[in-house]
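J.: First the structure, which I've put down as structure tokens, then a few questions once you've had a look.
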Amino acid sequence: MSASDTDKGSPLRHAFGNVFAFFILILIGVIAFSIRLFSVIKYESVIHEFDPYFNYRVTQFLTKNGIYDFWNWFDDRTWYPLGRVIGGTVYPGLTLTAGTMWWILNSLNIPLSVETVCVFTAPVFSANAAWATYLLTKEVKGTGAGLTAAALLAMVPSYISRSVAGSYDNEAVAIFALIFTFYLYVKTLNTGSLFFATLNAISYFYMVCSWGGYTFIINLIPMHVLLCIVTGRYSSRLYVAYAPLVVLGTLLAALVPVVGFNAVMTSEHFASFLVFIILHVVALVYYIKGILSPKMFKVAVTLIISMGLAVCCAVGAVLVALVASSPTKGWSGRSLSLLDPTYASKYIPIIASVSEHQPPTWPSYFMDINVLAFLVPAGIVACFLPLSDASSFVVLYIVTSVYFSGVMVRLMLVLAPAACIMSGIALSEAFAAFTRSIKFQLLGTSETSSGDPGDTNSGSAETRHDVANSDKNEVVKADKIEEKTKERPSRKSKKKEKEKEKEKEKEPIEDSLKSHIDKRKPRDLPLEASLIALVLLVLLCGFYVVHCVWAAAEAYSAPSIVLTSHSHDGLHVFDDFREGYAWLSHNTDVDDKVASWWDYGYQTTAMANRTVIVDNNTWNNTHIATVGTAMSSPEKAAWEIFNSLDVKYVLVVFGGLVGYPSDDINKFLWMVRIGGGVFPHIKEPDYLRDGQYRIDSQATPTMLNCLMYKLSYYRFIETDGKGFDRVRRTEIGKKYFKLTYFEEAFTSHHWMVRIYKLKPPKNRIRGKTKKSKSKTSSKSSKRSVTSKRNPWQ
């Protein structure tokens, strides 16, 4: 093959590779979308979990009333009697995205319902996230690593758990925004383009609109900038990548109502401003270094550093003054629980009560990222060969995400893209090394017999001999150059020129030596070892694919609103939740208030269209503590609390009959802790027997007489004659009792949803009241005054 043929074939090969990569990306997008449809195929097209029902309700309001009414919507059906300003307390990114998709589809005469668009929003954006992962990894380690990382992210179980069809939550679009913002930052870092820097700020704005996890971005990027400055990797490209993000990104973030001035007033954002000041000081130092003499430069650096320290001290004093009045020093409760894993359990039990805020177990890592956990270290090593600004960023990303995922299981979602990027780099480098070794050895043996002198891939002994000779000759030349430079007289005026010439002469020699050494490294691998390693890598990837498909089909596709179980007599479907909400919708007045634990507030409002006391927003701890106190109190005291809140019905979830573990009895201790945090007369030890939580005959009288116990186990003895609880695996302690202030209104087919109605207060009889007053003494009158209890105590 001649040189001209090689030159003609190289662009053609490059174009073919780009087209091939494009079709692979389309296939990855199809896989990312289709693997998340098991929930629709196996069950039905329905919204999952709890929070997505609020997002669905808000999207319905947006599409029906428009954007202006959405920003000014005051929802009087939540947090009665306080209400909630929706436009100022919600991250609007997901709602505006789905609403825009619905509007575009209807403009194109594709009549899809709002619910259908909401169900499929997460699978669509999972494909976008896979493509964004390709772009980010390509900027770090090339096209091969990018395609591998995108394929891994398309199927990783941790991301599937929050992006299956029907999982209409903020993370559905936020993970795409997170990865795309990182890509634009790295792209700007590599190119120094102000255009990409502006796009980066806009992408960051979309992330702020979508999820509160945007604080991870505005802290990780400053950490990387500071790392580059400390390690001497400052450049104008670094300045262009960071400065517009802080200025423009902060201004745009302040436009989001739920963020507002928190973008400049809270401690989560202070690190970005401090690094912004440091970056300008360093930039000024580098600028002055280029225009001043060495003596003047030392004086100027001393002046700049002193002024910079003064500015930093002044800014620090202002920040300290701003946050000193806050008991949390300007940090939010969730941020403090990340920095101090014990903070939430000590001071904010409502955060600790959420299951996804608990630390993960080791098996959860294998479940959510599977074999990627073993490939990540190899990817980190590959990023250091060689180390660049882009590769140092992804290394910092994986390190920080590993820490945060170890604190809160929900943040495994942030770890998943980093793990896929590192694993994609590791697999790409491994496949390239093994296939290059096999290709060289196979082509080398075949082309030795053919003796084609023009083939560039020839691996004959003559070629190896020529390479060895060229290496020796270049080493000899390098030695001669070094000797000549040593023999020359050193003059101060020509010293710098000689050093530059020496470096210029050494660079091509060292590059040629490195290229020859790098080419020879994979060729030294035995053919059998390379083949075995390739087979093992393919088996490893196959195991990963099988695990991901199983997780998508079985572990993460079941909607929490419809439950199923398999037994010897077939499949059983438990649709008690929708049965209970439908009963509320059809058998209660529109203005009736329903009390339940906060987990079911969003679903009650969206599916039953009834006013609730608390919901999943959890913005008012006192209000939630009031409901927890009522559930923990005796029946009469609980009736007084609920009656003061105009509650008409009380909803409890009970799983003792069918073995549903996430019922209110298992959550009851959190109600006690949250209620006791505000109302001190509720004490957790009163509900424990020797430190153990029991509902059997050994349970404490306080536990057996509280409202939650009575509403859950009322008439439970009638189911099997024993009152055996299948979740707690024991017989209940108090089997026969009657309700005085509540009456049973509805119990679902499997007893999972139980609704009780508050009895109206009894009419007072004047005759008896007067008679009792005439007989009572002054002592008894004092008792009657003190017997009026405060329902809040």
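Ordering of the structure tokens sets the chain letters (A, B, ...); residue numbers start at 1 within each chain; ligands are numbered from 1 in the order shown.
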Name all residues at most 9 Å from region 696-704 of chain A (count only C-alpha atoms; drop same-chain ones fewer than 5 positions away) and give them as number ranges by chain.
T.: A: 632-634, 686-689, 709-710, 730-734
J.: Would you export the selected residues with all heavy atoms as a tab-separated table (two decimals), in the first residue's frame, please?
T.:
chain	number	residue	atom	x	y	z
A	632	SER	N	-49.73	9.21	68.27
A	632	SER	CA	-49.08	8.61	69.44
A	632	SER	C	-49.89	8.78	70.71
A	632	SER	O	-49.53	8.19	71.74
A	632	SER	CB	-47.70	9.26	69.64
A	632	SER	OG	-46.95	9.23	68.45
A	633	SER	N	-50.96	9.54	70.67
A	633	SER	CA	-51.73	9.85	71.87
A	633	SER	C	-52.87	8.87	72.06
A	633	SER	O	-53.25	8.14	71.12
A	633	SER	CB	-52.29	11.28	71.77
A	633	SER	OG	-51.24	12.22	71.62
A	634	PRO	N	-53.46	8.84	73.25
A	634	PRO	CA	-54.69	8.05	73.44
A	634	PRO	C	-55.82	8.57	72.56
A	634	PRO	O	-55.75	9.67	72.01
A	634	PRO	CB	-54.99	8.24	74.94
A	634	PRO	CG	-53.69	8.62	75.56
A	634	PRO	CD	-52.95	9.39	74.51
A	686	ASP	N	-41.59	5.35	76.52
A	686	ASP	CA	-42.92	4.90	76.96
A	686	ASP	C	-43.53	3.88	76.02
A	686	ASP	O	-44.48	3.17	76.39
A	686	ASP	CB	-43.86	6.10	77.08
A	686	ASP	CG	-43.42	7.08	78.17
A	686	ASP	OD1	-42.64	6.65	79.05
A	686	ASP	OD2	-43.84	8.25	78.13
A	687	TYR	N	-43.00	3.79	74.80
A	687	TYR	CA	-43.55	2.87	73.80
A	687	TYR	C	-42.66	1.64	73.61
A	687	TYR	O	-42.96	0.81	72.74
A	687	TYR	CB	-43.71	3.60	72.46
A	687	TYR	CG	-44.63	4.79	72.53
A	687	TYR	CD1	-44.17	6.03	72.95
A	687	TYR	CD2	-45.98	4.68	72.21
A	687	TYR	CE1	-45.00	7.14	73.03
A	687	TYR	CE2	-46.83	5.77	72.29
A	687	TYR	CZ	-46.33	6.99	72.70
A	687	TYR	OH	-47.18	8.08	72.79
A	688	LEU	N	-41.60	1.53	74.40
A	688	LEU	CA	-40.67	0.42	74.27
A	688	LEU	C	-40.67	-0.41	75.54
A	688	LEU	O	-40.80	0.11	76.65
A	688	LEU	CB	-39.25	0.95	74.00
A	688	LEU	CG	-39.07	1.86	72.78
A	688	LEU	CD1	-37.63	2.36	72.70
A	688	LEU	CD2	-39.45	1.14	71.49
A	689	ARG	N	-40.51	-1.70	75.38
A	689	ARG	CA	-40.39	-2.63	76.50
A	689	ARG	C	-38.95	-3.13	76.54
A	689	ARG	O	-38.53	-3.88	75.67
A	689	ARG	CB	-41.35	-3.81	76.35
A	689	ARG	CG	-41.20	-4.89	77.39
A	689	ARG	CD	-41.74	-4.43	78.75
A	689	ARG	NE	-43.18	-4.27	78.73
A	689	ARG	CZ	-43.91	-3.85	79.76
A	689	ARG	NH1	-43.30	-3.53	80.89
A	689	ARG	NH2	-45.22	-3.71	79.66
A	709	TYR	N	-52.20	2.23	67.18
A	709	TYR	CA	-52.41	0.82	67.46
A	709	TYR	C	-53.89	0.46	67.27
A	709	TYR	O	-54.23	-0.55	66.65
A	709	TYR	CB	-51.96	0.49	68.88
A	709	TYR	CG	-52.03	-0.98	69.23
A	709	TYR	CD1	-50.92	-1.79	69.07
A	709	TYR	CD2	-53.21	-1.55	69.70
A	709	TYR	CE1	-50.97	-3.14	69.36
A	709	TYR	CE2	-53.28	-2.90	70.00
A	709	TYR	CZ	-52.15	-3.69	69.83
A	709	TYR	OH	-52.22	-5.03	70.13
A	710	LYS	N	-54.76	1.30	67.79
A	710	LYS	CA	-56.20	1.00	67.72
A	710	LYS	C	-56.73	1.06	66.29
A	710	LYS	O	-57.51	0.19	65.88
A	710	LYS	CB	-56.97	1.95	68.62
A	710	LYS	CG	-56.76	1.70	70.10
A	710	LYS	CD	-57.69	2.57	70.95
A	710	LYS	CE	-57.58	2.21	72.43
A	710	LYS	NZ	-58.51	3.00	73.27
A	730	THR	N	-46.07	-12.10	64.99
A	730	THR	CA	-46.50	-12.35	66.36
A	730	THR	C	-47.98	-12.02	66.49
A	730	THR	O	-48.55	-11.33	65.64
A	730	THR	CB	-45.69	-11.51	67.36
A	730	THR	OG1	-46.06	-11.83	68.69
A	730	THR	CG2	-45.92	-10.03	67.13
A	731	GLU	N	-48.60	-12.53	67.55
A	731	GLU	CA	-50.00	-12.18	67.83
A	731	GLU	C	-50.05	-10.84	68.55
A	731	GLU	O	-49.20	-10.54	69.39
A	731	GLU	CB	-50.66	-13.27	68.68
A	731	GLU	CG	-50.84	-14.59	67.96
A	731	GLU	CD	-51.62	-15.60	68.80
A	731	GLU	OE1	-52.18	-15.17	69.84
A	731	GLU	OE2	-51.66	-16.76	68.42
A	732	ILE	N	-51.04	-10.07	68.23
A	732	ILE	CA	-51.14	-8.74	68.83
A	732	ILE	C	-51.48	-8.87	70.31
A	732	ILE	O	-52.08	-9.86	70.76
A	732	ILE	CB	-52.17	-7.88	68.08
A	732	ILE	CG1	-53.58	-8.50	68.17
A	732	ILE	CG2	-51.75	-7.70	66.63
A	732	ILE	CD1	-54.66	-7.63	67.54
A	733	GLY	N	-51.13	-7.83	71.06
A	733	GLY	CA	-51.34	-7.88	72.51
A	733	GLY	C	-52.76	-7.58	72.93
A	733	GLY	O	-53.33	-8.27	73.77
A	734	LYS	N	-53.35	-6.56	72.34
A	734	LYS	CA	-54.72	-6.15	72.70
A	734	LYS	C	-55.63	-6.49	71.53
A	734	LYS	O	-55.60	-5.85	70.48
A	734	LYS	CB	-54.74	-4.65	72.99
A	734	LYS	CG	-55.99	-4.18	73.70
A	734	LYS	CD	-55.83	-2.71	74.10
A	734	LYS	CE	-57.04	-2.24	74.91
A	734	LYS	NZ	-56.87	-0.83	75.34
J.: With a cut-off of 8 Å, could you pull out the residues of region 155-207 of chain A touching region 38-59 of chain A and give me the nearest pair of atoms for each, distance in Å to one decimal, using only C-alpha atoms, ordered by chain and ascending number, as a Markdown table?
T.:
| residue | atom | partner | partner_atom | distance |
| --- | --- | --- | --- | --- |
| A:Val164 | CA | A:Ser39 | CA | 7.0 |
| A:Ala165 | CA | A:Ser39 | CA | 6.2 |
| A:Gly166 | CA | A:Ile47 | CA | 4.4 |
| A:Ser167 | CA | A:His48 | CA | 5.3 |
| A:Tyr168 | CA | A:Pro52 | CA | 4.8 |
| A:Asp169 | CA | A:Pro52 | CA | 5.1 |
J.: Keeping all heavy atoms, export the residues of the selection given above as a compact mmCIF listing (two decimals), in the first residue's frame.
T.:
# COMPACT_ATOMS: atom_id res chain seq x y z
N VAL A 164 -37.47 4.68 35.56
CA VAL A 164 -38.35 3.76 34.85
C VAL A 164 -39.59 4.53 34.38
O VAL A 164 -39.90 5.62 34.88
CB VAL A 164 -38.76 2.57 35.73
CG1 VAL A 164 -37.58 1.71 36.07
CG2 VAL A 164 -39.46 3.06 37.00
N ALA A 165 -40.30 3.97 33.44
CA ALA A 165 -41.52 4.61 32.96
C ALA A 165 -42.51 4.73 34.11
O ALA A 165 -42.89 3.74 34.73
CB ALA A 165 -42.12 3.78 31.82
N GLY A 166 -42.91 5.94 34.40
CA GLY A 166 -43.81 6.20 35.51
C GLY A 166 -43.13 6.88 36.68
O GLY A 166 -43.80 7.43 37.55
N SER A 167 -41.79 6.87 36.70
CA SER A 167 -41.05 7.51 37.79
C SER A 167 -40.87 8.99 37.43
O SER A 167 -39.81 9.42 36.98
CB SER A 167 -39.70 6.84 38.00
OG SER A 167 -39.02 7.42 39.08
N TYR A 168 -41.92 9.74 37.63
CA TYR A 168 -41.96 11.14 37.21
C TYR A 168 -41.45 12.03 38.35
O TYR A 168 -42.19 12.77 38.97
CB TYR A 168 -43.39 11.51 36.81
CG TYR A 168 -43.57 12.89 36.25
CD1 TYR A 168 -42.86 13.30 35.12
CD2 TYR A 168 -44.44 13.79 36.83
CE1 TYR A 168 -43.03 14.56 34.60
CE2 TYR A 168 -44.61 15.06 36.31
CZ TYR A 168 -43.91 15.44 35.19
OH TYR A 168 -44.07 16.70 34.68
N ASP A 169 -40.15 11.92 38.62
CA ASP A 169 -39.54 12.69 39.70
C ASP A 169 -38.47 13.61 39.14
O ASP A 169 -38.07 13.50 37.97
CB ASP A 169 -38.93 11.74 40.74
CG ASP A 169 -38.97 12.34 42.14
OD1 ASP A 169 -39.22 13.56 42.25
OD2 ASP A 169 -38.74 11.61 43.11
J.: Smallest atom-to-atom distance to Thr215 (chain A): which of A:Gly656, A:Gly580, A:Gly249, A:Pro349, using only C-alpha atoms?
T.: A:Gly249
J.: To one decimal place in Å, what is the distance between CA of Ile86 (chain A) and CA of Trp71 (chain A)?
T.: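 Straight-line distance from CA of Ile86 (chain A) to CA of Trp71 (chain A) works out to 7.2 Å.
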